[in-house]
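Q: Just so it is clear, I am handing over final_29.cif, which has mmCIF, N, CA and C atoms.
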data_upload
#
loop_
_atom_site.label_atom_id
_atom_site.label_comp_id
_atom_site.auth_asym_id
_atom_site.auth_seq_id
_atom_site.Cartn_x
_atom_site.Cartn_y
_atom_site.Cartn_z
N MET A 1 27.79 -6.88 22.46
CA MET A 1 28.22 -7.25 21.13
C MET A 1 27.47 -6.38 20.11
N ARG A 2 28.19 -5.86 19.14
CA ARG A 2 27.61 -5.03 18.09
C ARG A 2 28.08 -5.57 16.74
N ARG A 3 27.22 -5.43 15.76
CA ARG A 3 27.55 -5.78 14.36
C ARG A 3 27.23 -4.56 13.51
N SER A 4 28.08 -4.29 12.53
CA SER A 4 27.91 -3.11 11.68
C SER A 4 27.45 -3.50 10.28
N PHE A 5 26.70 -2.59 9.69
CA PHE A 5 26.22 -2.75 8.32
C PHE A 5 26.44 -1.42 7.60
N VAL A 6 26.87 -1.51 6.36
CA VAL A 6 27.04 -0.33 5.50
C VAL A 6 26.25 -0.60 4.23
N PHE A 7 25.36 0.34 3.89
CA PHE A 7 24.52 0.20 2.70
C PHE A 7 24.68 1.42 1.82
N SER A 8 24.56 1.22 0.53
CA SER A 8 24.52 2.35 -0.40
C SER A 8 23.64 1.97 -1.58
N ASP A 9 23.10 2.97 -2.21
CA ASP A 9 22.22 2.77 -3.35
C ASP A 9 22.17 4.10 -4.11
N ALA A 10 21.81 4.05 -5.36
CA ALA A 10 21.65 5.27 -6.16
C ALA A 10 20.57 5.02 -7.20
N TRP A 11 19.76 6.05 -7.43
CA TRP A 11 18.74 5.96 -8.46
C TRP A 11 18.29 7.37 -8.83
N VAL A 12 17.52 7.46 -9.89
CA VAL A 12 17.03 8.74 -10.39
C VAL A 12 15.52 8.77 -10.26
N VAL A 13 15.00 9.90 -9.77
CA VAL A 13 13.56 10.13 -9.65
C VAL A 13 13.20 11.27 -10.57
N ASP A 14 12.11 11.12 -11.30
CA ASP A 14 11.68 12.12 -12.26
C ASP A 14 10.96 13.27 -11.56
N ALA A 15 11.73 14.04 -10.79
CA ALA A 15 11.22 15.21 -10.08
C ALA A 15 12.40 16.09 -9.73
N PRO A 16 12.19 17.39 -9.59
CA PRO A 16 13.31 18.29 -9.27
C PRO A 16 13.81 18.07 -7.83
N PRO A 17 15.06 18.40 -7.56
CA PRO A 17 15.63 18.20 -6.22
C PRO A 17 14.82 18.84 -5.09
N ALA A 18 14.25 20.01 -5.31
CA ALA A 18 13.47 20.67 -4.25
C ALA A 18 12.26 19.82 -3.85
N ALA A 19 11.58 19.23 -4.82
CA ALA A 19 10.41 18.38 -4.52
C ALA A 19 10.84 17.10 -3.81
N VAL A 20 11.95 16.52 -4.24
CA VAL A 20 12.46 15.30 -3.60
C VAL A 20 12.85 15.61 -2.17
N ALA A 21 13.58 16.70 -1.96
CA ALA A 21 14.01 17.08 -0.61
C ALA A 21 12.82 17.33 0.29
N ALA A 22 11.81 18.05 -0.21
CA ALA A 22 10.62 18.34 0.61
C ALA A 22 9.94 17.05 1.05
N THR A 23 9.91 16.05 0.19
CA THR A 23 9.31 14.76 0.52
C THR A 23 10.15 14.03 1.55
N LEU A 24 11.46 14.04 1.38
CA LEU A 24 12.33 13.31 2.30
C LEU A 24 12.38 13.91 3.70
N VAL A 25 12.23 15.21 3.84
CA VAL A 25 12.28 15.81 5.18
C VAL A 25 10.94 15.71 5.91
N ASP A 26 9.88 15.35 5.21
CA ASP A 26 8.55 15.22 5.82
C ASP A 26 8.35 13.80 6.35
N LEU A 27 9.04 13.45 7.43
CA LEU A 27 9.00 12.09 7.96
C LEU A 27 7.60 11.61 8.29
N GLU A 28 6.77 12.50 8.79
CA GLU A 28 5.42 12.08 9.20
C GLU A 28 4.59 11.56 8.04
N ASP A 29 4.96 11.89 6.81
CA ASP A 29 4.22 11.45 5.64
C ASP A 29 4.77 10.14 5.05
N TYR A 30 5.90 9.65 5.56
CA TYR A 30 6.51 8.45 5.00
C TYR A 30 5.56 7.25 4.89
N PRO A 31 4.75 6.95 5.90
CA PRO A 31 3.89 5.76 5.77
C PRO A 31 2.94 5.82 4.57
N ARG A 32 2.66 7.02 4.07
CA ARG A 32 1.76 7.16 2.93
C ARG A 32 2.39 6.64 1.64
N TRP A 33 3.71 6.78 1.51
CA TRP A 33 4.36 6.41 0.25
C TRP A 33 5.44 5.33 0.38
N TRP A 34 5.92 5.07 1.59
CA TRP A 34 6.97 4.06 1.80
C TRP A 34 6.35 2.92 2.60
N PRO A 35 5.94 1.83 1.95
CA PRO A 35 5.16 0.78 2.61
C PRO A 35 5.83 0.16 3.84
N GLN A 36 7.14 0.11 3.87
CA GLN A 36 7.82 -0.53 4.99
C GLN A 36 7.94 0.37 6.21
N VAL A 37 7.63 1.65 6.07
CA VAL A 37 7.57 2.55 7.21
C VAL A 37 6.14 2.48 7.72
N ARG A 38 5.97 1.80 8.83
CA ARG A 38 4.63 1.48 9.33
C ARG A 38 4.01 2.61 10.15
N ALA A 39 4.84 3.36 10.89
CA ALA A 39 4.30 4.42 11.73
C ALA A 39 5.40 5.44 12.02
N VAL A 40 4.98 6.69 12.18
CA VAL A 40 5.90 7.78 12.52
C VAL A 40 5.20 8.66 13.54
N ALA A 41 5.93 9.07 14.57
CA ALA A 41 5.40 10.03 15.54
C ALA A 41 6.46 11.10 15.78
N LYS A 42 6.05 12.34 15.67
CA LYS A 42 6.96 13.45 15.90
C LYS A 42 7.22 13.55 17.41
N LEU A 43 8.48 13.57 17.79
CA LEU A 43 8.86 13.66 19.20
C LEU A 43 9.34 15.06 19.56
N GLY A 44 9.69 15.83 18.56
CA GLY A 44 10.19 17.19 18.76
C GLY A 44 10.43 17.81 17.42
N PRO A 45 10.93 19.04 17.38
CA PRO A 45 11.10 19.72 16.10
C PRO A 45 12.09 19.02 15.16
N ASP A 46 13.06 18.31 15.70
CA ASP A 46 14.06 17.65 14.88
C ASP A 46 14.13 16.15 15.11
N THR A 47 13.13 15.59 15.80
CA THR A 47 13.19 14.19 16.22
C THR A 47 11.86 13.49 15.94
N ALA A 48 11.95 12.24 15.47
CA ALA A 48 10.74 11.44 15.23
C ALA A 48 11.02 9.98 15.59
N TRP A 49 9.99 9.31 16.06
CA TRP A 49 10.02 7.86 16.27
C TRP A 49 9.48 7.23 15.00
N VAL A 50 10.17 6.21 14.50
CA VAL A 50 9.78 5.55 13.26
C VAL A 50 9.77 4.04 13.49
N CYS A 51 8.70 3.40 13.06
CA CYS A 51 8.55 1.95 13.15
C CYS A 51 8.63 1.39 11.73
N CYS A 52 9.61 0.51 11.47
CA CYS A 52 9.83 -0.05 10.13
C CYS A 52 9.75 -1.56 10.16
N ARG A 53 9.20 -2.10 9.11
CA ARG A 53 9.18 -3.55 8.93
C ARG A 53 9.21 -3.85 7.45
N SER A 54 10.25 -4.55 7.03
CA SER A 54 10.39 -4.91 5.63
C SER A 54 9.78 -6.29 5.42
N THR A 55 10.46 -7.16 4.74
CA THR A 55 9.91 -8.48 4.41
C THR A 55 9.98 -9.46 5.58
N LEU A 56 11.07 -9.42 6.32
CA LEU A 56 11.21 -10.33 7.47
C LEU A 56 10.23 -9.94 8.57
N PRO A 57 9.78 -10.91 9.36
CA PRO A 57 8.84 -10.60 10.44
C PRO A 57 9.54 -10.02 11.67
N TYR A 58 10.19 -8.88 11.47
CA TYR A 58 10.91 -8.20 12.55
C TYR A 58 10.70 -6.71 12.39
N THR A 59 10.22 -6.07 13.43
CA THR A 59 9.95 -4.64 13.40
C THR A 59 11.06 -3.88 14.10
N LEU A 60 11.55 -2.84 13.45
CA LEU A 60 12.57 -1.98 14.03
C LEU A 60 11.91 -0.74 14.61
N ASP A 61 12.25 -0.42 15.85
CA ASP A 61 11.84 0.83 16.49
C ASP A 61 13.04 1.76 16.47
N LEU A 62 12.89 2.89 15.79
CA LEU A 62 14.00 3.80 15.59
C LEU A 62 13.63 5.20 16.03
N VAL A 63 14.63 5.94 16.46
CA VAL A 63 14.48 7.38 16.70
C VAL A 63 15.41 8.07 15.72
N LEU A 64 14.85 8.98 14.93
CA LEU A 64 15.62 9.71 13.92
C LEU A 64 15.75 11.16 14.36
N ASP A 65 16.97 11.65 14.36
CA ASP A 65 17.25 13.05 14.67
C ASP A 65 17.81 13.72 13.43
N ALA A 66 17.18 14.80 13.00
CA ALA A 66 17.62 15.50 11.79
C ALA A 66 19.05 16.02 11.97
N VAL A 67 19.87 15.75 10.98
CA VAL A 67 21.23 16.27 10.92
C VAL A 67 21.30 17.37 9.86
N SER A 68 20.65 17.12 8.71
CA SER A 68 20.59 18.10 7.64
C SER A 68 19.26 17.96 6.92
N ARG A 69 18.59 19.07 6.76
CA ARG A 69 17.34 19.10 5.99
C ARG A 69 17.49 19.95 4.74
N THR A 70 18.69 20.40 4.47
CA THR A 70 18.93 21.33 3.38
C THR A 70 19.65 20.64 2.24
N PRO A 71 19.01 20.60 1.05
CA PRO A 71 19.68 19.99 -0.09
C PRO A 71 21.03 20.68 -0.33
N PRO A 72 22.00 19.96 -0.77
CA PRO A 72 21.87 18.66 -1.40
C PRO A 72 21.86 17.46 -0.45
N VAL A 73 22.00 17.69 0.86
CA VAL A 73 22.07 16.56 1.79
C VAL A 73 20.88 16.56 2.74
N VAL A 74 20.19 15.43 2.78
CA VAL A 74 19.13 15.19 3.76
C VAL A 74 19.61 14.00 4.58
N ALA A 75 19.85 14.23 5.89
CA ALA A 75 20.46 13.17 6.70
C ALA A 75 19.85 13.14 8.09
N VAL A 76 19.87 11.94 8.67
CA VAL A 76 19.41 11.74 10.04
C VAL A 76 20.40 10.88 10.80
N ALA A 77 20.46 11.12 12.11
CA ALA A 77 21.14 10.21 13.02
C ALA A 77 20.09 9.21 13.49
N ILE A 78 20.49 7.96 13.62
CA ILE A 78 19.56 6.88 13.97
C ILE A 78 19.96 6.30 15.32
N SER A 79 18.97 6.11 16.18
CA SER A 79 19.19 5.39 17.43
C SER A 79 17.99 4.47 17.67
N GLY A 80 18.11 3.61 18.66
CA GLY A 80 17.07 2.63 18.92
C GLY A 80 17.58 1.25 18.59
N ASP A 81 16.81 0.48 17.82
CA ASP A 81 17.25 -0.86 17.43
C ASP A 81 18.49 -0.82 16.54
N LEU A 82 18.72 0.30 15.88
CA LEU A 82 19.93 0.54 15.08
C LEU A 82 20.57 1.83 15.58
N ASP A 83 21.88 1.92 15.47
CA ASP A 83 22.59 3.16 15.79
C ASP A 83 23.47 3.52 14.62
N GLY A 84 23.39 4.78 14.18
CA GLY A 84 24.22 5.22 13.07
C GLY A 84 23.60 6.40 12.36
N PHE A 85 23.65 6.35 11.03
CA PHE A 85 23.08 7.45 10.24
C PHE A 85 22.55 6.93 8.92
N ALA A 86 21.69 7.74 8.30
CA ALA A 86 21.22 7.53 6.94
C ALA A 86 21.27 8.89 6.25
N ARG A 87 21.69 8.88 4.97
CA ARG A 87 21.87 10.14 4.26
C ARG A 87 21.47 9.98 2.79
N PHE A 88 20.70 10.94 2.31
CA PHE A 88 20.41 11.07 0.89
C PHE A 88 21.16 12.30 0.39
N THR A 89 21.93 12.14 -0.69
CA THR A 89 22.56 13.27 -1.35
C THR A 89 21.85 13.44 -2.69
N LEU A 90 21.31 14.63 -2.91
CA LEU A 90 20.50 14.91 -4.10
C LEU A 90 21.31 15.72 -5.11
N THR A 91 21.24 15.29 -6.36
CA THR A 91 21.93 15.98 -7.44
C THR A 91 20.97 16.15 -8.60
N ALA A 92 20.89 17.37 -9.13
CA ALA A 92 20.05 17.61 -10.30
C ALA A 92 20.59 16.79 -11.47
N ALA A 93 19.65 16.15 -12.18
CA ALA A 93 19.98 15.38 -13.38
C ALA A 93 19.00 15.80 -14.45
N GLY A 94 19.27 16.95 -15.07
CA GLY A 94 18.29 17.54 -15.99
C GLY A 94 17.10 18.02 -15.17
N THR A 95 15.89 17.55 -15.51
CA THR A 95 14.69 17.90 -14.73
C THR A 95 14.42 16.87 -13.64
N ALA A 96 15.27 15.88 -13.53
CA ALA A 96 15.11 14.82 -12.53
C ALA A 96 16.12 15.01 -11.40
N THR A 97 16.14 14.07 -10.47
CA THR A 97 17.06 14.11 -9.33
C THR A 97 17.71 12.75 -9.16
N ARG A 98 19.02 12.77 -9.04
CA ARG A 98 19.75 11.55 -8.67
C ARG A 98 19.84 11.54 -7.14
N LEU A 99 19.48 10.40 -6.56
CA LEU A 99 19.59 10.21 -5.12
C LEU A 99 20.72 9.22 -4.86
N ASP A 100 21.67 9.62 -4.06
CA ASP A 100 22.72 8.72 -3.59
C ASP A 100 22.44 8.48 -2.11
N PHE A 101 22.13 7.24 -1.78
CA PHE A 101 21.76 6.87 -0.42
C PHE A 101 22.95 6.20 0.25
N ALA A 102 23.23 6.58 1.49
CA ALA A 102 24.28 5.94 2.27
C ALA A 102 23.74 5.73 3.68
N GLN A 103 24.02 4.56 4.23
CA GLN A 103 23.60 4.26 5.59
C GLN A 103 24.69 3.42 6.25
N GLU A 104 25.05 3.82 7.45
CA GLU A 104 25.96 3.04 8.27
C GLU A 104 25.31 2.89 9.63
N VAL A 105 25.08 1.65 10.02
CA VAL A 105 24.41 1.38 11.29
C VAL A 105 25.07 0.19 11.99
N SER A 106 24.85 0.12 13.28
CA SER A 106 25.25 -1.06 14.03
C SER A 106 24.04 -1.55 14.81
N VAL A 107 24.04 -2.84 15.09
CA VAL A 107 22.96 -3.46 15.85
C VAL A 107 23.56 -4.18 17.04
N GLY A 108 22.77 -4.33 18.07
CA GLY A 108 23.22 -5.05 19.26
C GLY A 108 22.24 -6.15 19.59
N GLY A 109 22.50 -6.83 20.67
CA GLY A 109 21.59 -7.83 21.20
C GLY A 109 21.35 -9.01 20.29
N ALA A 110 20.10 -9.48 20.31
CA ALA A 110 19.72 -10.67 19.55
C ALA A 110 19.92 -10.49 18.05
N LEU A 111 19.63 -9.29 17.55
CA LEU A 111 19.80 -9.05 16.12
C LEU A 111 21.28 -9.12 15.73
N ALA A 112 22.16 -8.61 16.57
CA ALA A 112 23.59 -8.71 16.30
C ALA A 112 24.03 -10.17 16.31
N LEU A 113 23.56 -10.93 17.27
CA LEU A 113 23.91 -12.34 17.36
C LEU A 113 23.40 -13.10 16.13
N ALA A 114 22.14 -12.84 15.76
CA ALA A 114 21.56 -13.52 14.59
C ALA A 114 22.29 -13.14 13.31
N SER A 115 22.82 -11.93 13.25
CA SER A 115 23.46 -11.47 12.01
C SER A 115 24.69 -12.28 11.65
N TYR A 116 25.29 -12.96 12.61
CA TYR A 116 26.43 -13.82 12.27
C TYR A 116 26.00 -14.94 11.34
N ALA A 117 24.80 -15.45 11.56
CA ALA A 117 24.31 -16.57 10.75
C ALA A 117 23.50 -16.13 9.54
N VAL A 118 22.79 -15.02 9.66
CA VAL A 118 21.83 -14.64 8.61
C VAL A 118 22.11 -13.27 7.99
N ARG A 119 23.35 -12.82 8.04
CA ARG A 119 23.69 -11.51 7.48
C ARG A 119 23.19 -11.34 6.05
N PRO A 120 23.39 -12.32 5.14
CA PRO A 120 22.88 -12.14 3.77
C PRO A 120 21.36 -11.92 3.73
N VAL A 121 20.64 -12.55 4.62
CA VAL A 121 19.18 -12.37 4.66
C VAL A 121 18.84 -10.96 5.14
N LEU A 122 19.59 -10.45 6.11
CA LEU A 122 19.34 -9.09 6.60
C LEU A 122 19.67 -8.06 5.52
N VAL A 123 20.73 -8.30 4.76
CA VAL A 123 21.08 -7.40 3.65
C VAL A 123 19.98 -7.44 2.59
N TRP A 124 19.49 -8.64 2.26
CA TRP A 124 18.39 -8.78 1.31
C TRP A 124 17.15 -8.03 1.81
N ASN A 125 16.85 -8.16 3.10
CA ASN A 125 15.70 -7.48 3.70
C ASN A 125 15.84 -5.96 3.56
N HIS A 126 17.05 -5.45 3.75
CA HIS A 126 17.28 -4.01 3.58
C HIS A 126 17.07 -3.60 2.12
N ARG A 127 17.52 -4.44 1.18
CA ARG A 127 17.28 -4.14 -0.24
C ARG A 127 15.80 -4.04 -0.54
N ARG A 128 14.99 -4.91 0.06
CA ARG A 128 13.54 -4.86 -0.13
C ARG A 128 12.98 -3.56 0.45
N MET A 129 13.51 -3.15 1.59
CA MET A 129 13.11 -1.89 2.21
C MET A 129 13.38 -0.72 1.27
N MET A 130 14.57 -0.69 0.69
CA MET A 130 14.93 0.40 -0.20
C MET A 130 14.18 0.33 -1.53
N ALA A 131 13.82 -0.86 -1.97
CA ALA A 131 12.99 -0.97 -3.18
C ALA A 131 11.64 -0.31 -2.94
N GLY A 132 11.11 -0.47 -1.72
CA GLY A 132 9.86 0.21 -1.37
C GLY A 132 10.02 1.71 -1.40
N CYS A 133 11.16 2.21 -0.94
CA CYS A 133 11.45 3.64 -0.98
C CYS A 133 11.49 4.14 -2.42
N ARG A 134 12.26 3.46 -3.27
CA ARG A 134 12.39 3.89 -4.68
C ARG A 134 11.04 3.92 -5.37
N THR A 135 10.29 2.83 -5.23
CA THR A 135 8.99 2.73 -5.91
C THR A 135 8.00 3.75 -5.38
N GLY A 136 7.91 3.86 -4.05
CA GLY A 136 6.97 4.78 -3.45
C GLY A 136 7.29 6.23 -3.74
N LEU A 137 8.54 6.57 -3.65
CA LEU A 137 8.95 7.95 -3.92
C LEU A 137 8.67 8.33 -5.37
N ALA A 138 8.99 7.43 -6.29
CA ALA A 138 8.73 7.69 -7.72
C ALA A 138 7.24 7.85 -7.97
N ALA A 139 6.42 6.99 -7.38
CA ALA A 139 4.97 7.05 -7.59
C ALA A 139 4.39 8.35 -7.01
N LEU A 140 4.84 8.71 -5.82
CA LEU A 140 4.33 9.93 -5.18
C LEU A 140 4.69 11.17 -6.00
N LEU A 141 5.94 11.25 -6.41
CA LEU A 141 6.40 12.46 -7.10
C LEU A 141 5.95 12.54 -8.56
N SER A 142 5.51 11.44 -9.12
CA SER A 142 5.02 11.50 -10.50
C SER A 142 3.51 11.66 -10.57
N SER A 143 2.84 11.54 -9.42
CA SER A 143 1.38 11.67 -9.44
C SER A 143 1.00 13.16 -9.41
N PRO A 144 -0.06 13.51 -10.14
CA PRO A 144 -0.49 14.92 -10.15
C PRO A 144 -1.10 15.31 -8.81
N GLY A 145 -0.77 16.53 -8.38
CA GLY A 145 -1.35 17.11 -7.18
C GLY A 145 -1.03 16.37 -5.98
#
Turn this file's structure into structure tokens for me.

A:
Amino acid sequence: MRRSFVFSDAWVVDAPPAAVAATLVDLEDYPRWWPQVRAVAKLGPDTAWVCCRSTLPYTLDLVLDAVSRTPPVVAVAISGDLDGFARFTLTAAGTATRLDFAQEVSVGGALALASYAVRPVLVWNHRRMMAGCRTGLAALLSSPG
């Protein structure tokens, strides 16, 4: 049994697209600025293991494979506890960058079964995850040096 989720979000970061892209492709640095990304380990030149935990007491073990590291699109294929993709599309907005985030994933097993009853809670949990991304990315890119 599988359940699918589609997420999207958009926001502006006060930094040029090149700086935003450089931050987004550096997966190993995510735990420093994205609180819900608990650990990252490089598995190969285009692959990393990522451990995420948002507000709910459930940790996701994911493997991310780079699909595009070149702006305007930074994208990964996702496998593990989720299967699908996540993509940031970067657009210059004056001296800032607009980020359009899209994610389509499916889950299996117990999480898929639970999602029938608690789907709104899982969507809320994802929103909290992305709020951590927005806040952390903005703080990192606005700090000097």

Q: Please report, as a PyMOL selection string, each residue of chain A to which DSSP assigns helix (DSSP H, G or I) when run on this structure's backbone.

A: chain A and resi 17-25+27-33+109-142

Q: Give me, as number ranges by chain, all polymer residues having an atom no more than 12 Å from Gly94 of chain A, counting only C-alpha atoms and skipping those fewer than 5 positions away in the same chain.

A: A: 12-17

Q: Print the selection's residues with N, CA and C atoms to a file, as an mmCIF file, keeping the file's coordinate frame.

A:
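Result file is part_11.cif:
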data_model
loop_
_atom_site.group_PDB
_atom_site.id
_atom_site.type_symbol
_atom_site.label_atom_id
_atom_site.label_comp_id
_atom_site.auth_asym_id
_atom_site.auth_seq_id
_atom_site.Cartn_x
_atom_site.Cartn_y
_atom_site.Cartn_z
ATOM 1 N N VAL A 12 17.520 7.460 -9.890
ATOM 2 C CA VAL A 12 17.030 8.740 -10.390
ATOM 3 C C VAL A 12 15.520 8.770 -10.260
ATOM 4 N N VAL A 13 15.000 9.900 -9.770
ATOM 5 C CA VAL A 13 13.560 10.130 -9.650
ATOM 6 C C VAL A 13 13.200 11.270 -10.570
ATOM 7 N N ASP A 14 12.110 11.120 -11.300
ATOM 8 C CA ASP A 14 11.680 12.120 -12.260
ATOM 9 C C ASP A 14 10.960 13.270 -11.560
ATOM 10 N N ALA A 15 11.730 14.040 -10.790
ATOM 11 C CA ALA A 15 11.220 15.210 -10.080
ATOM 12 C C ALA A 15 12.400 16.090 -9.730
ATOM 13 N N PRO A 16 12.190 17.390 -9.590
ATOM 14 C CA PRO A 16 13.310 18.290 -9.270
ATOM 15 C C PRO A 16 13.810 18.070 -7.830
ATOM 16 N N PRO A 17 15.060 18.400 -7.560
ATOM 17 C CA PRO A 17 15.630 18.200 -6.220
ATOM 18 C C PRO A 17 14.820 18.840 -5.090
#

Q: Kindly resolve the PyMOL selection byres (((chain A and resi 66 and name CA) around 12) and name CA) on the present coordinates and return the residues as number ranges by chain.

A: A: 24-27, 42-49, 63-65, 67-70, 73-79, 85-87

Q: Nearest to Asp81 of chain A: which of A:Met129, A:Leu60, A:Leu141, A:Ala93 is it, counting all atoms listed in the file?

A: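 Result for the nearest residue to Asp81 of chain A: A:Leu60.
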
Q: Using only C-alpha atoms, which of A:Gln36, A:Ser143, A:Asn125, A:Ser115 sits nearest Cys51 of chain A?

A: A:Gln36

Q: Just give me the gap between atom CA of Gln103 of chain A and atom N of Phe88 of chain A in Å, one decimal is fine.

A: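 Separation between atom CA of Gln103 of chain A and atom N of Phe88 of chain A: 8.0 Å.
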
Q: Which residue gives the smallest distance to Phe101 of chain A among A:Arg38, A:Arg2, A:Arg134, A:Arg53, with only C-alpha atoms counted?

A: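 That would be A:Arg134, the residue with the smallest distance to Phe101 of chain A.
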
Q: So that I can check the surroundings of Leu82 of chain A, please list as a PyMOL selection string every protein, DNA and RNA residue that reaches within 6.5 Å of it, counting all atoms listed in the file and ignoring chain neighbours fewer than 6 positions away.

A: chain A and resi 61-62+105-108

Q: Can you tell me how far atom N of Ala110 of chain A sits from atom C of Gly80 of chain A, in Å to one decimal?

A: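 Distance reported for this atom pair: 11.2 Å.
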
Q: So which one's closest to Ala10 of chain A, A:Leu99, A:Leu113, A:Ala131, A:Ala138? Using all atoms listed in the file, please.

A: A:Leu99

Q: For each of A:Glu104, A:Ser54, A:Val121, A:Asp83, take the minimum atom-to-atom distance to Ser8 of chain A, counting only N, CA and C atoms, then give the residue where this is smallest.

A: A:Glu104

Q: Can you check which residues of chain A DSSP gives as strand (DSSP E) on the backbone and send them as a ChimeraX atom specification?

A: /A:2-13,37-44,47-52,60-68,73-80,82-93,96-108

Q: In terms of the shortest atom-to-atom distance over only C-alpha atoms, which of A:Val118, A:Cys52, A:Val123, A:Ala96 is closest to Tyr30 of chain A?

A: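 The answer is A:Cys52, which sits nearest to Tyr30 of chain A.
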
Q: Work out how far apart atom CA of Arg3 of chain A and atom CA of Val40 of chain A are and give it in Å to one decimal.

A: 25.6 Å
